[in-house]
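Listing of start_38.cif; format and content: mmCIF, C-alpha atoms.
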```
data_my_file
loop_
_atom_site.label_atom_id
_atom_site.label_comp_id
_atom_site.auth_asym_id
_atom_site.auth_seq_id
_atom_site.Cartn_x
_atom_site.Cartn_y
_atom_site.Cartn_z
CA MET E 16 83.76 98.88 123.56
CA PRO E 17 81.55 100.84 121.15
CA LEU E 18 81.87 100.10 117.44
CA ILE E 19 82.95 103.70 116.80
CA VAL E 20 83.86 106.63 119.07
CA PRO E 21 84.69 110.33 118.63
CA PHE E 22 88.31 111.37 118.90
CA ALA E 23 90.43 114.50 119.41
CA GLY E 24 91.68 114.92 115.87
CA LEU E 25 94.95 116.51 114.79
CA ARG E 26 94.11 118.70 111.82
CA PRO E 27 95.23 121.72 109.81
CA VAL E 28 94.19 125.21 110.80
CA PRO E 29 91.58 126.27 108.23
CA GLU E 30 93.80 128.86 106.55
CA HIS E 31 96.39 126.17 105.75
CA ALA E 32 94.08 123.24 104.92
CA ALA E 33 94.64 123.65 101.17
CA ASP E 34 98.41 123.72 101.74
CA VAL E 35 98.30 120.48 103.75
CA VAL E 36 95.80 118.26 101.89
CA ALA E 37 97.45 115.54 99.78
CA PRO E 38 96.59 112.39 97.83
CA PRO E 39 96.68 109.08 99.74
CA TYR E 40 100.21 107.81 100.36
CA ASP E 41 99.69 104.72 98.22
CA VAL E 42 98.52 106.33 94.97
CA LEU E 43 101.79 108.14 94.22
CA ASN E 44 105.27 106.76 93.80
CA THR E 45 108.22 108.58 95.35
CA ALA E 46 109.06 110.57 92.22
CA GLU E 47 105.45 111.69 91.79
CA ALA E 48 105.20 112.64 95.46
CA ARG E 49 108.45 114.61 95.28
CA GLU E 50 107.09 116.60 92.34
CA ARG E 51 103.66 117.17 93.94
CA ALA E 52 105.28 118.47 97.15
CA ARG E 53 107.77 120.74 95.39
CA ASP E 54 107.48 124.30 96.77
CA ARG E 55 104.79 123.08 99.19
CA PRO E 56 106.52 122.86 102.58
CA TRP E 57 103.29 122.03 104.44
CA SER E 58 102.06 119.29 102.12
CA PHE E 59 101.12 116.17 104.08
CA LEU E 60 103.29 114.22 101.64
CA HIS E 61 106.25 115.28 103.82
CA ILE E 62 104.66 113.08 106.53
CA SER E 63 103.09 110.28 104.46
CA LYS E 64 105.99 109.98 101.93
CA PRO E 65 108.92 111.40 103.92
CA GLU E 66 111.55 109.81 101.67
CA ILE E 67 110.95 112.81 99.39
CA ASP E 68 112.97 114.87 101.90
CA LEU E 69 115.93 112.45 101.88
CA PRO E 70 118.50 111.82 99.12
CA GLU E 71 117.15 110.25 95.95
CA GLY E 72 117.48 106.49 96.02
CA THR E 73 116.76 106.24 99.76
CA ASP E 74 114.92 103.01 100.56
CA PRO E 75 111.35 104.03 101.55
CA HIS E 76 111.55 101.46 104.36
CA ASP E 77 114.80 102.74 105.87
CA ASP E 78 114.59 103.69 109.55
CA ALA E 79 115.56 107.23 108.57
CA VAL E 80 112.38 107.59 106.50
CA TYR E 81 110.04 106.88 109.41
CA ALA E 82 112.09 109.16 111.67
CA LYS E 83 111.91 111.92 109.07
CA GLY E 84 108.12 111.58 108.92
CA ALA E 85 107.92 111.95 112.70
CA GLY E 86 110.18 114.98 112.55
CA ASN E 87 108.10 116.58 109.82
CA LEU E 88 104.91 115.97 111.81
CA ALA E 89 106.44 117.61 114.89
CA LYS E 90 107.62 120.55 112.76
CA MET E 91 104.10 121.17 111.42
CA ILE E 92 102.66 121.05 114.95
CA ASP E 93 105.33 123.41 116.29
CA ALA E 94 104.65 125.83 113.43
CA GLY E 95 100.94 125.90 114.26
CA ILE E 96 99.98 124.38 110.90
CA LEU E 97 98.42 121.37 112.63
CA ILE E 98 96.37 121.77 115.80
CA ARG E 99 94.60 119.39 118.16
CA GLU E 100 90.92 119.40 119.06
CA ASP E 101 90.38 120.20 122.74
CA ARG E 102 87.85 117.35 123.07
CA PRO E 103 86.72 114.25 121.19
CA VAL E 104 84.47 114.99 118.21
CA TYR E 105 83.19 113.38 115.04
CA TYR E 106 83.58 114.95 111.62
CA LEU E 107 81.40 114.92 108.52
CA TYR E 108 83.34 114.59 105.26
CA ARG E 109 81.79 115.28 101.86
CA LEU E 110 83.54 114.49 98.59
CA ILE E 111 82.29 115.75 95.22
CA MET E 112 83.81 114.37 92.04
CA GLY E 113 82.05 115.57 88.90
CA ASP E 114 78.37 114.69 89.35
CA HIS E 115 79.05 112.23 92.15
CA GLU E 116 78.68 113.19 95.81
CA GLN E 117 79.21 111.09 98.93
CA VAL E 118 79.10 112.06 102.60
CA GLY E 119 80.89 110.09 105.29
CA LEU E 120 81.46 110.15 109.04
CA VAL E 121 85.04 110.43 110.30
CA ALA E 122 85.42 108.38 113.47
CA ALA E 123 87.67 106.04 115.40
CA ALA E 124 86.62 102.41 114.79
CA SER E 125 87.12 99.53 117.18
CA VAL E 126 90.12 97.24 116.68
CA ASP E 127 88.35 94.51 118.67
CA ASP E 128 85.40 94.63 116.28
CA TYR E 129 87.85 94.36 113.39
CA LEU E 130 89.49 91.33 115.00
CA SER E 131 86.11 89.66 115.65
CA ASN E 132 85.04 90.31 112.02
CA ARG E 133 82.21 92.67 112.94
CA ILE E 134 84.18 95.05 110.73
CA ARG E 135 84.39 92.76 107.73
CA LYS E 136 87.17 92.26 105.20
CA HIS E 137 87.22 91.08 101.60
CA GLU E 138 90.94 91.11 100.68
CA TYR E 139 94.13 89.38 101.69
CA THR E 140 96.92 91.60 102.98
CA ARG E 141 100.66 91.40 102.39
CA PRO E 142 102.85 91.22 105.53
CA ASP E 143 105.45 93.62 104.09
CA LYS E 144 102.82 96.31 103.43
CA GLU E 145 101.31 95.77 106.88
CA THR E 146 104.72 96.13 108.49
CA ASP E 147 105.37 99.39 106.64
CA ARG E 148 102.17 100.86 108.13
CA VAL E 149 102.97 99.46 111.59
CA ARG E 150 106.35 101.21 111.53
CA GLN E 151 104.75 104.43 110.31
CA ILE E 152 102.11 104.39 113.08
CA ASP E 153 104.73 103.63 115.74
CA ALA E 154 107.07 106.36 114.51
CA LEU E 155 104.34 109.02 114.45
CA ASN E 156 102.32 107.63 117.37
CA ALA E 157 99.39 108.45 115.13
CA GLN E 158 97.27 107.04 112.34
CA THR E 159 97.28 109.42 109.38
CA GLY E 160 95.66 107.39 106.61
CA PRO E 161 91.94 106.72 107.15
CA VAL E 162 90.38 103.33 106.46
CA PHE E 163 87.49 103.58 103.99
CA LEU E 164 84.48 101.82 105.54
CA THR E 165 80.91 101.37 104.39
CA TYR E 166 77.63 100.47 106.08
CA ARG E 167 74.08 99.72 105.01
CA HIS E 168 72.52 103.15 104.72
CA ASP E 169 70.50 104.43 107.63
CA PRO E 170 67.76 107.13 107.28
CA ALA E 171 68.56 108.64 110.69
CA MET E 172 72.20 109.16 109.73
CA ASP E 173 71.17 110.62 106.37
CA ALA E 174 68.95 113.16 108.13
CA LEU E 175 71.64 114.10 110.64
CA ALA E 176 74.16 114.58 107.83
CA ARG E 177 71.80 116.89 105.95
CA ARG E 178 71.34 119.01 109.07
CA ILE E 179 75.07 119.25 109.75
CA MET E 180 75.78 120.20 106.13
CA ALA E 181 73.51 123.24 106.50
CA GLU E 182 76.09 124.64 108.93
CA THR E 183 79.32 126.44 108.04
CA PRO E 184 82.07 123.91 107.21
CA LEU E 185 85.50 123.86 108.77
CA TYR E 186 87.12 123.32 105.35
CA ASP E 187 85.83 123.56 101.82
CA LEU E 188 88.57 123.10 99.25
CA THR E 189 89.19 121.63 95.83
CA ALA E 190 92.30 119.46 95.40
CA ASP E 191 94.63 119.35 92.39
CA ASP E 192 92.61 116.52 90.83
CA GLY E 193 89.38 118.53 90.88
CA VAL E 194 87.78 116.64 93.79
CA ARG E 195 86.06 118.91 96.29
CA HIS E 196 86.59 118.10 99.98
CA THR E 197 84.31 119.65 102.62
CA PHE E 198 84.68 119.02 106.36
CA TRP E 199 82.38 119.79 109.30
CA VAL E 200 83.07 119.32 113.02
CA ILE E 201 80.35 117.49 115.00
CA ALA E 202 80.88 118.61 118.59
CA ASP E 203 77.36 118.71 120.02
CA PRO E 204 77.17 116.09 122.83
CA GLN E 205 73.68 114.98 121.83
CA ASP E 206 74.69 114.49 118.20
CA ILE E 207 77.77 112.56 119.32
CA GLU E 208 75.68 110.28 121.54
CA THR E 209 73.15 109.71 118.75
CA ILE E 210 75.86 108.80 116.24
CA THR E 211 77.65 106.44 118.62
CA ARG E 212 74.39 104.71 119.56
CA THR E 213 73.18 104.46 115.94
CA PHE E 214 76.33 102.77 114.73
CA ASP E 215 76.62 100.53 117.77
CA ALA E 216 73.24 99.08 116.83
CA MET E 217 74.51 98.07 113.38
CA PRO E 218 75.52 94.42 112.99
CA ASN E 219 78.46 95.08 110.66
CA LEU E 220 80.71 97.57 108.93
CA TYR E 221 82.65 96.67 105.78
CA ILE E 222 86.13 97.66 104.67
CA ALA E 223 85.96 99.14 101.19
CA ASP E 224 89.60 100.24 100.99
CA GLY E 225 92.38 100.22 103.56
CA HIS E 226 92.86 96.59 104.48
CA HIS E 227 96.57 97.14 105.19
CA ARG E 228 95.92 100.22 107.33
CA SER E 229 93.33 98.42 109.46
CA ALA E 230 95.49 95.31 109.79
CA ALA E 231 98.45 97.47 110.83
CA ALA E 232 96.36 99.30 113.41
CA ALA E 233 95.30 95.95 114.87
CA ARG E 234 98.92 94.80 115.05
CA VAL E 235 99.95 98.00 116.85
CA ALA E 236 97.10 97.57 119.35
CA GLU E 237 98.03 93.95 120.04
CA GLN E 238 101.73 94.80 120.42
CA ARG E 239 100.95 97.56 122.90
CA ARG E 240 98.61 95.29 124.85
CA ALA E 241 101.34 92.65 125.04
CA ALA E 242 103.71 95.30 126.39
CA GLY E 243 101.20 96.29 129.08
CA LYS E 244 100.30 99.53 127.30
CA GLY E 245 96.90 98.54 125.98
CA GLY E 246 93.67 100.43 126.17
CA GLY E 247 92.85 103.91 125.03
CA ALA E 248 93.33 105.41 121.59
CA ALA E 249 95.43 102.56 120.16
CA ASP E 250 92.41 100.28 120.47
CA TYR E 251 90.73 102.28 117.67
CA PHE E 252 91.72 103.17 114.12
CA LEU E 253 91.02 106.21 111.96
CA ALA E 254 88.14 105.60 109.57
CA VAL E 255 85.63 107.31 107.30
CA LEU E 256 82.25 105.56 107.08
CA PHE E 257 80.05 106.02 104.00
CA PRO E 258 76.55 104.66 103.38
CA ASP E 259 76.55 101.90 100.79
CA ASN E 260 74.08 103.69 98.51
CA GLN E 261 76.50 106.59 98.00
CA MET E 262 79.57 104.51 97.14
CA GLN E 263 81.05 104.63 93.65
CA ILE E 264 82.95 101.59 92.40
CA LEU E 265 84.57 101.94 88.99
CA ASP E 266 85.66 99.17 86.67
CA TYR E 267 89.08 97.57 87.23
CA ASN E 268 90.32 96.41 83.85
CA ARG E 269 93.00 93.98 82.65
CA VAL E 270 95.75 94.06 80.02
CA VAL E 271 97.81 91.01 79.04
CA ARG E 272 101.25 90.98 77.44
CA ASP E 273 100.79 88.06 75.00
CA LEU E 274 98.33 85.42 73.81
CA ASN E 275 100.13 82.47 75.39
CA GLY E 276 101.54 81.33 72.04
CA LEU E 277 98.22 81.50 70.19
CA SER E 278 97.59 83.41 66.99
CA PRO E 279 94.83 86.03 67.22
CA LYS E 280 92.50 83.76 65.21
CA ALA E 281 93.22 80.71 67.37
CA PHE E 282 92.70 82.83 70.47
CA LEU E 283 89.33 84.10 69.23
CA ASP E 284 88.29 80.54 68.33
CA ALA E 285 89.20 79.39 71.85
CA LEU E 286 86.78 81.90 73.39
CA ALA E 287 83.69 80.32 71.83
CA ASP E 288 83.16 77.66 74.48
CA ALA E 289 82.64 80.16 77.29
CA PHE E 290 81.63 83.39 75.54
CA ILE E 291 79.45 84.74 72.76
CA VAL E 292 81.86 86.98 70.83
CA THR E 293 80.56 89.95 68.81
CA PRO E 294 82.79 92.50 66.99
CA SER E 295 82.07 96.14 67.86
CA ASP E 296 82.70 99.32 65.86
CA THR E 297 83.10 101.32 69.07
CA PRO E 298 84.94 100.79 72.38
CA VAL E 299 83.02 98.44 74.64
CA ARG E 300 82.12 99.58 78.13
CA PRO E 301 80.09 96.65 79.55
CA ALA E 302 76.49 97.58 80.31
CA ARG E 303 75.78 94.77 82.77
CA ALA E 304 77.34 91.98 84.77
CA GLY E 305 78.47 89.02 82.68
CA GLU E 306 79.51 91.23 79.77
CA PHE E 307 83.10 92.18 78.89
CA GLY E 308 84.89 94.32 76.35
CA MET E 309 88.00 93.05 74.58
CA TYR E 310 90.51 95.01 72.48
CA LEU E 311 92.72 92.94 70.16
CA ASP E 312 94.59 93.94 66.98
CA GLY E 313 92.88 97.31 66.78
CA GLN E 314 89.40 95.77 67.05
CA TRP E 315 86.92 95.87 69.93
CA TYR E 316 84.73 92.87 70.74
CA ARG E 317 81.84 92.33 73.13
CA LEU E 318 82.11 89.09 75.12
CA SER E 319 79.01 87.71 76.83
CA ILE E 320 79.58 84.86 79.26
CA ARG E 321 77.40 81.84 78.58
CA PRO E 322 74.84 81.59 81.43
CA GLU E 323 75.77 78.02 82.32
CA ARG E 324 79.27 79.24 83.18
CA ILE E 325 78.00 81.44 86.06
CA PRO E 326 77.97 79.64 89.44
CA ALA E 327 74.68 80.48 91.15
CA ASP E 328 75.66 79.91 94.76
CA ASP E 329 79.28 81.10 95.05
CA PRO E 330 79.69 84.82 95.93
CA VAL E 331 83.31 84.87 94.73
CA ARG E 332 83.24 82.71 91.60
CA ARG E 333 80.18 84.53 90.21
CA LEU E 334 81.98 87.91 90.26
CA ASP E 335 82.86 89.21 86.80
CA VAL E 336 86.54 89.37 87.73
CA SER E 337 86.34 85.66 88.61
CA LEU E 338 84.38 84.72 85.49
CA LEU E 339 87.01 86.35 83.28
CA GLN E 340 89.85 84.79 85.25
CA ASP E 341 88.36 81.29 85.43
CA ASN E 342 87.05 81.09 81.86
CA LEU E 343 89.66 83.00 79.86
CA ILE E 344 92.73 84.36 81.63
CA ALA E 345 93.69 81.11 83.35
CA PRO E 346 92.60 78.36 80.89
CA ILE E 347 93.39 80.19 77.63
CA LEU E 348 96.08 82.74 78.47
CA GLY E 349 97.77 80.51 81.06
CA ILE E 350 97.85 83.10 83.88
CA THR E 351 96.87 81.13 86.96
CA ASP E 352 98.26 83.53 89.60
CA PRO E 353 97.37 87.09 88.63
CA ARG E 354 98.91 88.38 91.87
CA ARG E 355 102.40 87.40 90.79
CA ASP E 356 102.40 86.86 87.00
CA ASP E 357 104.04 89.86 85.30
CA ARG E 358 102.24 89.07 82.01
CA ILE E 359 99.09 90.73 83.38
CA ASP E 360 98.53 94.28 84.57
CA PHE E 361 95.52 96.15 85.95
CA VAL E 362 94.13 99.50 84.87
CA GLY E 363 91.74 101.49 87.05
CA GLY E 364 88.57 102.61 85.36
CA ILE E 365 89.35 106.24 86.15
CA ARG E 366 91.85 106.10 83.27
CA GLY E 367 89.16 105.29 80.71
CA LEU E 368 89.01 102.84 77.80
CA GLY E 369 91.51 104.93 75.86
CA GLU E 370 94.20 103.78 78.26
CA LEU E 371 93.48 100.15 77.29
CA GLU E 372 93.82 100.98 73.59
CA LYS E 373 97.04 102.86 74.28
CA ARG E 374 98.62 99.94 76.15
CA VAL E 375 97.78 97.52 73.31
CA ASP E 376 98.49 99.82 70.35
CA SER E 377 101.93 100.64 71.78
CA GLY E 378 102.89 96.95 71.55
CA GLU E 379 103.45 96.76 75.32
CA MET E 380 100.38 94.54 75.68
CA GLN E 381 98.56 92.36 73.15
CA VAL E 382 95.01 92.21 74.50
CA ALA E 383 92.90 94.26 76.91
CA PHE E 384 89.65 93.56 78.75
CA SER E 385 87.11 96.03 80.13
CA LEU E 386 84.85 94.87 82.96
CA TYR E 387 81.58 95.86 84.54
CA PRO E 388 82.19 97.30 88.05
CA THR E 389 81.80 95.05 91.06
CA SER E 390 78.69 96.04 93.02
CA MET E 391 78.47 96.92 96.71
CA THR E 392 75.99 94.06 97.08
CA ASP E 393 78.61 91.62 95.79
CA LEU E 394 81.33 93.09 98.03
CA MET E 395 79.15 92.69 101.11
CA ALA E 396 78.12 89.16 100.10
CA VAL E 397 81.76 88.10 99.84
CA ALA E 398 82.63 89.70 103.18
CA ASP E 399 79.56 88.17 104.88
CA ALA E 400 80.64 84.75 103.61
CA GLU E 401 84.08 85.40 105.16
CA GLN E 402 85.70 84.92 101.77
CA VAL E 403 88.06 87.15 99.80
CA MET E 404 87.79 88.72 96.39
CA PRO E 405 90.28 88.12 93.59
CA PRO E 406 93.02 90.75 93.33
CA LYS E 407 92.09 94.11 91.82
CA SER E 408 88.33 93.61 92.05
CA THR E 409 87.30 97.11 93.10
CA TRP E 410 88.40 100.66 92.29
CA PHE E 411 86.76 103.23 94.53
CA GLU E 412 86.49 106.87 93.53
CA PRO E 413 86.85 109.50 94.78
CA LYS E 414 89.84 108.78 97.00
CA LEU E 415 90.02 110.04 100.58
CA ALA E 416 92.57 112.80 101.09
CA ASP E 417 95.45 112.52 103.54
CA GLY E 418 96.11 115.28 106.02
CA LEU E 419 92.61 116.56 106.79
CA VAL E 420 92.64 114.82 110.17
CA SER E 421 94.86 112.32 112.02
CA HIS E 422 94.24 110.12 115.05
CA VAL E 423 96.89 110.51 117.74
CA LEU E 424 97.43 107.48 119.99
CA ASP E 425 97.62 109.17 123.38
CA GLU E 426 95.48 109.50 126.48
CA LYS E 427 93.61 112.46 124.95
CA GLY E 428 92.75 110.47 121.85
CA ILE E 429 89.18 109.18 122.23
CA GLY E 430 85.89 109.91 123.92
#
```
Would you give me this structure, written as structure tokens?
Amino acid sequence: MPLIVPFAGLRPVPEHAADVVAPPYDVLNTAEARERARDRPWSFLHISKPEIDLPEGTDPHDDAVYAKGAGNLAKMIDAGILIREDRPVYYLYRLIMGDHEQVGLVAAASVDDYLSNRIRKHEYTRPDKETDRVRQIDALNAQTGPVFLTYRHDPAMDALARRIMAETPLYDLTADDGVRHTFWVIADPQDIETITRTFDAMPNLYIADGHHRSAAAARVAEQRRAAGKGGGAADYFLAVLFPDNQMQILDYNRVVRDLNGLSPKAFLDALADAFIVTPSDTPVRPARAGEFGMYLDGQWYRLSIRPERIPADDPVRRLDVSLLQDNLIAPILGITDPRRDDRIDFVGGIRGLGELEKRVDSGEMQVAFSLYPTSMTDLMAVADAEQVMPPKSTWFEPKLADGLVSHVLDEKGIG
């Protein structure tokens, strides 16, 4: 089986693309999704968050929710809002967010290569979140949320992308958040063969975001194989592949509710063993790995980890998120399980340092930490070592939109 293949995508007609495009299902809660979809009958949120069309208070995991999503998908197909390609194709997908631009390939990626770790992971998944996606895929018989993959950049793919982008796009729209989404169809048989061959020669792909979606796709494939219905489109999952040198990882910061019984002075004194602590007159956005910002009692500090505290040969423990956890959050603040301890919360860098000040100044939290973003090199090193990152290590921007194309799991699905 090839690493990636083209597929016959289900997508909006161009004149309705702006009506359909929606944020990813997992970045909005139900109330936010209900508001975003108000007076927008063709928003993909009616498929990805179908509880918005059921009475308030409906459990998002009720059988009726998945059935409603399937009904809404069928309604949009019947109305001609969504149409199916007449043959398998690839797509080129460009996102522009401010000054940042990245261009990815939309493809169907091999479940078997995911299971064999050729498509590499760096996060644990939660069974309940996997099961939610399994039920959604089964109800729709389609994968609607793409997995965000990355690969070590390839000059041949860069050149092909530049040539395709000189052509007229299928879609070119700007979403509510200001991110511009541009889509091209790649239907030329020679281009398709070149792309498939180029990627099949690569040793690995890496999951950047979408561990639950890929795990769910693998579970669906294995269940269908066990039922004698294996092979075909279900053996692949919807993905967008970006070169590593175009990826943008933002900081993923921390706020903590209390100082574990310490006074501010005692807390500051306790930091001295592991960090050089310097007060700052301005908010601290770390300029390099091993440096942290801290906001406490209306004052910013710069924390520099002492070099002897950085493990040289451990791809996980040398990450900044690990250094902060292992040298401060666990031993001083007493939070040993950041996945489950409600004393700690996480703030994506897209919200800025002002959000950290706001959370502390309001009295909700007592101390905040700003971090230097995890690098793509570190992410790949962890995945290559078959290890996992600590929770909330990476925040990728811009986010992939939902609704621009879906992968239907039928006999027409792949090439």
Q) Could you work out how far CA of Leu220 in chain E lies from CA of Leu334 in chain E, giving the answer in Å with one decimal? A) 21.1 Å
Q: Tell me which residues the PyMOL selection byres ((chain E and resi 385) around 10) grabs here, as a PyMOL selection string.
A: chain E and resi 266-270+298-301+306-310+317-318+362-364+367-368+371+383-384+386-388
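Shortest atom-to-atom contact with Glu379 in chain E among E:Asp360, E:Gly305, E:Arg167, E:Arg333: E:Asp360, counting all atoms listed in the file.
When all atoms listed in the file are used to measure the gap to Leu348 in chain E, the shortest distance among E:Thr409, E:Asn87, E:Gln381, E:Thr197 belongs to E:Gln381.
When all atoms listed in the file are used to compute distances to Asn219 in chain E, the closest of the residues E:Arg148, E:Gly95, E:Pro39, E:Ile134 turns out to be E:Ile134.
Within 10 Å of the file-frame point (98.9, 112.6, 96.1), and using all atoms listed in the file, the polymer residues found are Val36, Ala37, Pro38, Pro39, Tyr40, Asp41, Val42, Leu43, Asn44, Glu47, Ala48, Arg49, Glu50, Arg51, Ala52, Ser58, Phe59, Leu60, Ser63, Lys64, Ala190, Asp191, Asp192, Lys414, Ala416 and Asp417 of chain E.
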Q | Exercise: range 248-262 of chain E partners within 8 Å, only C-alpha atoms, chain neighbours under 5 positions left out, as a VMD selection string | A | chain E and resid 19 108 116 to 127 158 to 169 229 232 to 233 235 to 236 239 391 411 421 to 429
Apply the PyMOL selection byres ((chain E and resi 137-143) around 9) to the displayed file and report the matching residues as a PDB file with C-alpha atoms, keeping the file's coordinate frame.
```pdb
ATOM      1  CA  ARG E 135      84.390  92.760 107.730  1.00  0.00           C
ATOM      2  CA  LYS E 136      87.170  92.260 105.200  1.00  0.00           C
ATOM      3  CA  LYS E 144     102.820  96.310 103.430  1.00  0.00           C
ATOM      4  CA  GLU E 145     101.310  95.770 106.880  1.00  0.00           C
ATOM      5  CA  THR E 146     104.720  96.130 108.490  1.00  0.00           C
ATOM      6  CA  ASP E 147     105.370  99.390 106.640  1.00  0.00           C
ATOM      7  CA  ARG E 148     102.170 100.860 108.130  1.00  0.00           C
ATOM      8  CA  TYR E 221      82.650  96.670 105.780  1.00  0.00           C
ATOM      9  CA  ILE E 222      86.130  97.660 104.670  1.00  0.00           C
ATOM     10  CA  ALA E 223      85.960  99.140 101.190  1.00  0.00           C
ATOM     11  CA  HIS E 226      92.860  96.590 104.480  1.00  0.00           C
ATOM     12  CA  HIS E 227      96.570  97.140 105.190  1.00  0.00           C
ATOM     13  CA  ALA E 230      95.490  95.310 109.790  1.00  0.00           C
ATOM     14  CA  LEU E 394      81.330  93.090  98.030  1.00  0.00           C
ATOM     15  CA  MET E 395      79.150  92.690 101.110  1.00  0.00           C
ATOM     16  CA  VAL E 397      81.760  88.100  99.840  1.00  0.00           C
ATOM     17  CA  ALA E 398      82.630  89.700 103.180  1.00  0.00           C
ATOM     18  CA  ASP E 399      79.560  88.170 104.880  1.00  0.00           C
ATOM     19  CA  GLU E 401      84.080  85.400 105.160  1.00  0.00           C
ATOM     20  CA  GLN E 402      85.700  84.920 101.770  1.00  0.00           C
ATOM     21  CA  VAL E 403      88.060  87.150  99.800  1.00  0.00           C
ATOM     22  CA  MET E 404      87.790  88.720  96.390  1.00  0.00           C
ATOM     23  CA  PRO E 405      90.280  88.120  93.590  1.00  0.00           C
ATOM     24  CA  PRO E 406      93.020  90.750  93.330  1.00  0.00           C
TER      25      PRO E 406
END
```
Can you complete the atoms of range 196-208 of chain E to N, CA and C atoms and list them as a compact mmCIF listing (two decimals), in the frame of the given file?
```txt
# COMPACT_ATOMS: atom_id res chain seq x y z
N HIS E 196 86.60 118.69 98.64
CA HIS E 196 86.59 118.10 99.98
C HIS E 196 86.02 119.12 100.95
N THR E 197 84.93 118.76 101.65
CA THR E 197 84.31 119.65 102.62
C THR E 197 84.20 118.92 103.96
N PHE E 198 84.54 119.63 105.04
CA PHE E 198 84.68 119.02 106.36
C PHE E 198 83.89 119.84 107.38
N TRP E 199 83.09 119.15 108.20
CA TRP E 199 82.38 119.79 109.30
C TRP E 199 82.77 119.11 110.61
N VAL E 200 82.85 119.88 111.69
CA VAL E 200 83.07 119.32 113.02
C VAL E 200 81.71 119.04 113.66
N ILE E 201 81.57 117.85 114.25
CA ILE E 201 80.35 117.49 115.00
C ILE E 201 80.74 117.42 116.47
N ALA E 202 80.44 118.50 117.20
CA ALA E 202 80.88 118.61 118.59
C ALA E 202 79.74 118.58 119.59
N ASP E 203 78.49 118.69 119.11
CA ASP E 203 77.36 118.71 120.02
C ASP E 203 77.24 117.36 120.74
N PRO E 204 77.20 117.37 122.09
CA PRO E 204 77.17 116.09 122.83
C PRO E 204 75.99 115.20 122.46
N GLN E 205 74.84 115.81 122.19
CA GLN E 205 73.68 114.98 121.83
C GLN E 205 73.87 114.32 120.47
N ASP E 206 74.41 115.07 119.51
CA ASP E 206 74.69 114.49 118.20
C ASP E 206 75.72 113.36 118.32
N ILE E 207 76.74 113.59 119.14
CA ILE E 207 77.77 112.56 119.32
C ILE E 207 77.17 111.29 119.91
N GLU E 208 76.32 111.46 120.93
CA GLU E 208 75.68 110.28 121.54
C GLU E 208 74.79 109.56 120.54
```
